[in-house]
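First the structure, in the form of structure tokens, and then the observations on it.
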Amino acid sequence: MRRQGPLIITFITGAVIILQYFIPHRPFSDLQQLFNTWFLVIAVFALILGVGNLGKIHFERVFRRRENWPYSIVLILGFIIMFGAGIIWGIQRGTPFYYIFWNVHIPMGSTMFALLAFFVASASYRAFRARTPEATVLLISAIVVMLSRVPLGNFIWKELPLIGDWIMAYPNMAGQRAIWIGIALGVVSTSLRIILGIERTYLAGK
Amino acid sequence: MTTDIGTWIAALLTLCILSFLYKDNPFYKFAEHLFVGVSAAYWACYYIYNILIPNLYNPLFVQGQLLYIIPLALGIMMIMKLFPQPAWMSRFPLAFIVGTYAGYNFITYLQTYAIDQVRATLVRFVALESWQEFFARPGAVTFLSAIALPVVVVGVITGLVYFFFSREHKGIFGGLAKTGVWFLMIAFGASFGYTVMARISLLIGRVYFLLHNWLHII
């Protein structure tokens with residue numbers, strides 16, 4: 001029951017979703033809509049599970065006075081204040097939730113991503129040493145695309161932005177397409193293995 | 001300099017995170033933990049209001065559709081993962097999620113990323129009007145425009161040849177695979193350049209916020 005039950009559920013749900021694509025009529029279309037709604041609901045509970053796990057780890061760290069425990073208090077307070085504001089006053093514009101979102105979440109999120117600019121720059125210093133012909137191609141492609149996106153590129157050669165666009169639209173797309181077709185074939189075969197119960201790692205290999 | 005408290009909070013937190021460029025420090029750790037806590041609460045509230053209430057609370061408790069007891073029960077079983085004894089119960093909702101997701105992925109990837117991509121690649125090999133334009137106005141841009149479609153076809157086929165590992169990359173097959181590697185390198189380089197520019201753009205946005213919204217210097 002503990003092993004066969006989940007395998008049966010996986011097979012039924014996966015098979016219904018695939019069948020409704022080929023037979024978009026009742027009962028498969030109705031079942032697909034129902035499963036879609038349930039999927040969303042269970043995914044939210046998975047998020048709640050993640051939040052619960054996060055709380056569990058940080059409460060433990062505070063109670064056991066582990067390394068950096070004061071920061072765990074910051075995390076817990078940040079969560080409680082934001083969550084409380086959302087539950088009490090709602091999440092629309094003009095609410096305390098929106099105020100925190102706009103003045104705390106957004107600036108920190110975009111600064112975190114902006115910070116990556118520096119790390120990407122240091123990574124590019126290592127990657128851009130043209131040791132092989134392939135690395136040289138990568139280097140030239142990246143430099144042309146970067147220069148084509150700034151006014152300096154147009155200043156150097158007025159056709160450079162067009163060549164940058166061409167690289168993005170054709171050779172880049174060809175490479176990306178080859179990668180995506182490979183990924184798609186891999187995903188299709190893995191999905192089939194999961195639905196048929198051959199692939200069971202999500203059940204901890206049991 | 002602004003007197004708005006919200007802008008001050010945003011500016012100080014921005015500086016806390018940028019301080020990581022010097023080295024890991026307490027200001028960064030404070031901002032990092034605050035970000036994780038606030039972010040988790042944001043997404044929890046977002047999903048509660050936008051998914052849980054319209055798709056579970058309203059149908060089950062307002063409209064009385066008893067069928068929705070099933071996702072509620074599966075959701076509760078999912079949370080059981082937090083407790084060692086009944087943790088096995090979470091396998092059932094997990095199986096539902098995995099099965100549905102595998103079903104959707106099977107269809108989406110097969111249609112969008114395999115069949116449609118192959119079709120888009122092979123639908124047209126040569127654009128005669130582009131060659132006519134090239135002969136009328138010879139130049140780098142018109143030439144690139146003329147060879148664009150063959151480049152795509154050759155790039156996709158040779159790229160796929162490179163990913164075919166069931167045969168040794170030797171002879172003609174090896175040459176095709178080598179060409180495929182060059183196309184992949186162009187793709188990686190272009191993606192890298194594009195990502196760098198996106199990050200730089202974000203950084204410019206944050207610096208502009210500090211100098212314009214907070215300090216009113218520019």
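By order of appearance in the structure tokens: chains A, B, ..., then residues from 1 within every chain, and ligands from 1 in the order shown.
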
Each residue of stretch 13-82 of chain A with at least one atom at most 9 Å from stretch 75-86 of chain B should appear once, together with its nearest atom pair and the corresponding distance in Å (one decimal); atoms considered: only C-alpha atoms; ordering: chain, then increasing residue number; output as CSV.
```
residue,atom,partner,partner_atom,distance
A:Val41,CA,B:Gly75,CA,7.2
A:Ile42,CA,B:Gly75,CA,5.0
A:Ala43,CA,B:Gly75,CA,8.1
A:Val44,CA,B:Gly75,CA,8.1
A:Phe45,CA,B:Gly75,CA,5.2
A:Ala46,CA,B:Met78,CA,6.5
A:Ile48,CA,B:Ile79,CA,7.4
A:Leu49,CA,B:Ile79,CA,5.3
A:Gly50,CA,B:Ile79,CA,9.0
A:Gly52,CA,B:Leu82,CA,7.5
A:Asn53,CA,B:Leu82,CA,6.8
A:Lys56,CA,B:Leu82,CA,8.7
```

Expected file: the selected residues, N, CA and C atoms, as a PDB file, in the first residue's frame:
```
ATOM      1  N   VAL A  41      -3.477  23.263  -5.717  1.00  0.00           N
ATOM      2  CA  VAL A  41      -3.739  23.272  -4.270  1.00  0.00           C
ATOM      3  C   VAL A  41      -2.642  22.498  -3.528  1.00  0.00           C
ATOM      4  N   ILE A  42      -2.310  21.314  -4.037  1.00  0.00           N
ATOM      5  CA  ILE A  42      -1.286  20.495  -3.351  1.00  0.00           C
ATOM      6  C   ILE A  42       0.081  21.184  -3.438  1.00  0.00           C
ATOM      7  N   ALA A  43       0.337  21.865  -4.563  1.00  0.00           N
ATOM      8  CA  ALA A  43       1.616  22.592  -4.701  1.00  0.00           C
ATOM      9  C   ALA A  43       1.725  23.687  -3.638  1.00  0.00           C
ATOM     10  N   VAL A  44       0.601  24.334  -3.303  1.00  0.00           N
ATOM     11  CA  VAL A  44       0.628  25.355  -2.243  1.00  0.00           C
ATOM     12  C   VAL A  44       0.949  24.699  -0.903  1.00  0.00           C
ATOM     13  N   PHE A  45       0.376  23.527  -0.655  1.00  0.00           N
ATOM     14  CA  PHE A  45       0.701  22.814   0.594  1.00  0.00           C
ATOM     15  C   PHE A  45       2.188  22.418   0.611  1.00  0.00           C
ATOM     16  N   ALA A  46       2.744  22.124  -0.566  1.00  0.00           N
ATOM     17  CA  ALA A  46       4.187  21.823  -0.643  1.00  0.00           C
ATOM     18  C   ALA A  46       4.988  23.060  -0.246  1.00  0.00           C
ATOM     19  N   ILE A  48       3.865  25.380   1.795  1.00  0.00           N
ATOM     20  CA  ILE A  48       3.674  25.491   3.249  1.00  0.00           C
ATOM     21  C   ILE A  48       4.634  24.534   3.966  1.00  0.00           C
ATOM     22  N   LEU A  49       4.807  23.347   3.379  1.00  0.00           N
ATOM     23  CA  LEU A  49       5.767  22.382   3.935  1.00  0.00           C
ATOM     24  C   LEU A  49       7.182  22.979   3.949  1.00  0.00           C
ATOM     25  N   GLY A  50       7.541  23.639   2.854  1.00  0.00           N
ATOM     26  CA  GLY A  50       8.859  24.277   2.775  1.00  0.00           C
ATOM     27  C   GLY A  50       9.012  25.364   3.824  1.00  0.00           C
ATOM     28  N   GLY A  52       7.349  25.556   6.617  1.00  0.00           N
ATOM     29  CA  GLY A  52       7.400  24.860   7.915  1.00  0.00           C
ATOM     30  C   GLY A  52       8.792  24.329   8.201  1.00  0.00           C
ATOM     31  N   ASN A  53       9.398  23.771   7.177  1.00  0.00           N
ATOM     32  CA  ASN A  53      10.760  23.236   7.334  1.00  0.00           C
ATOM     33  C   ASN A  53      11.753  24.352   7.639  1.00  0.00           C
ATOM     34  N   LYS A  56      11.242  25.338  11.192  1.00  0.00           N
ATOM     35  CA  LYS A  56      11.767  24.289  12.068  1.00  0.00           C
ATOM     36  C   LYS A  56      13.284  24.420  12.232  1.00  0.00           C
TER      37      LYS A  56
END
```

Residues near stretch 165-182 of chain A, cut-off 8 Å, only C-alpha atoms, skip fewer than 3 positions along chain, as a PyMOL selection string: (chain A and resi 141+145+148+161-162+185-186) or (chain B and resi 113-114+117-118+144-145+148-149+151-157+159-160+163+180+183-188+190-191)

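Here atom CA of B:Phe96 stands at a distance of 6.5 Å from atom CA of A:Thr13.
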
Atom CA of A:Trp69 to atom CA of A:Phe119, distance in Å rounded to a single decimal: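 Distance between the two atoms: 27.8 Å.
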
Shell around B:His212 at 12 Å using only C-alpha atoms, local window under 6 positions removed, as JSON, numbers by chain: {"B": [1, 2, 7, 11, 204, 205, 206, 218]}

Just-selected residues, C-alpha atoms written as a PDB file, in the first residue's frame:
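Okay, this is what ended up in selection21.pdb:
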```pdb
ATOM      1  CA  MET B   1      18.384  63.578   0.456  1.00  0.00           C
ATOM      2  CA  THR B   2      14.902  62.071   0.795  1.00  0.00           C
ATOM      3  CA  THR B   7      13.185  54.873   0.613  1.00  0.00           C
ATOM      4  CA  ALA B  11      18.540  52.269   0.466  1.00  0.00           C
ATOM      5  CA  ILE B 204      22.568  50.487 -13.047  1.00  0.00           C
ATOM      6  CA  GLY B 205      18.990  50.473 -11.744  1.00  0.00           C
ATOM      7  CA  ARG B 206      20.148  50.035  -8.129  1.00  0.00           C
ATOM      8  CA  ILE B 218      21.281  63.001 -10.106  1.00  0.00           C
TER       9      ILE B 218
END
```

Counting only C-alpha atoms, the option among B:Val123, B:Met197, B:Ile69, B:Ala177 closest to chain A: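 When distances to chain A are compared using only C-alpha atoms, the smallest one comes from B:Met197.
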
Shell of 12 Å around A:Ile91, only C-alpha atoms, local chain residues under 2 positions omitted, as JSON, numbers by chain: {"A": [82, 83, 84, 85, 86, 87, 88, 89, 93, 94, 95, 96, 97, 98, 99, 100, 101, 102], "B": [41, 42, 43, 44, 45, 46, 47, 48, 49, 50]}

Distance query A:Ile106 at most 10 Å, only C-alpha atoms, self and fewer than 6 positions along chain excluded, as a PyMOL selection string: (chain A and resi 100+112) or (chain B and resi 10+14+35+39)

How about saving the chosen residues, C-alpha atoms kept, as a PDB file, in the first residue's frame?
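Output (selection_39.pdb):
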```pdb
ATOM      1  CA  ILE A 100       7.065  45.974   2.957  1.00  0.00           C
ATOM      2  CA  MET A 112      20.927  40.346  -5.004  1.00  0.00           C
TER       3      MET A 112
ATOM      4  CA  ALA B  10      15.269  50.308   0.831  1.00  0.00           C
ATOM      5  CA  THR B  14      20.575  47.840  -0.695  1.00  0.00           C
ATOM      6  CA  PHE B  35      15.248  38.654   2.612  1.00  0.00           C
ATOM      7  CA  SER B  39      10.392  36.328   0.652  1.00  0.00           C
TER       8      SER B  39
END
```

Helix (DSSP H, G or I) positions in stretch 4-179 of chain A, given as a ChimeraX atom specification: /A:4-22,28-63,69-89,96-127,133-148,151-156,160-169,171-179

Best match for closeness to chain B among A:Gln20, A:Thr111, A:Thr201, A:Thr132, counting only C-alpha atoms: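 Answer, going by the shortest atom-to-atom distance: A:Thr111.
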
Separation of atom CA of B:Ile53 from atom CA of A:Asn36 in Å: 15.4 Å

Using only C-alpha atoms: which of B:Val141, B:Leu128, B:Phe165, B:Ala95 has the shortest distance to A:Arg200: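 Closest to A:Arg200 of all the choices is B:Ala95.
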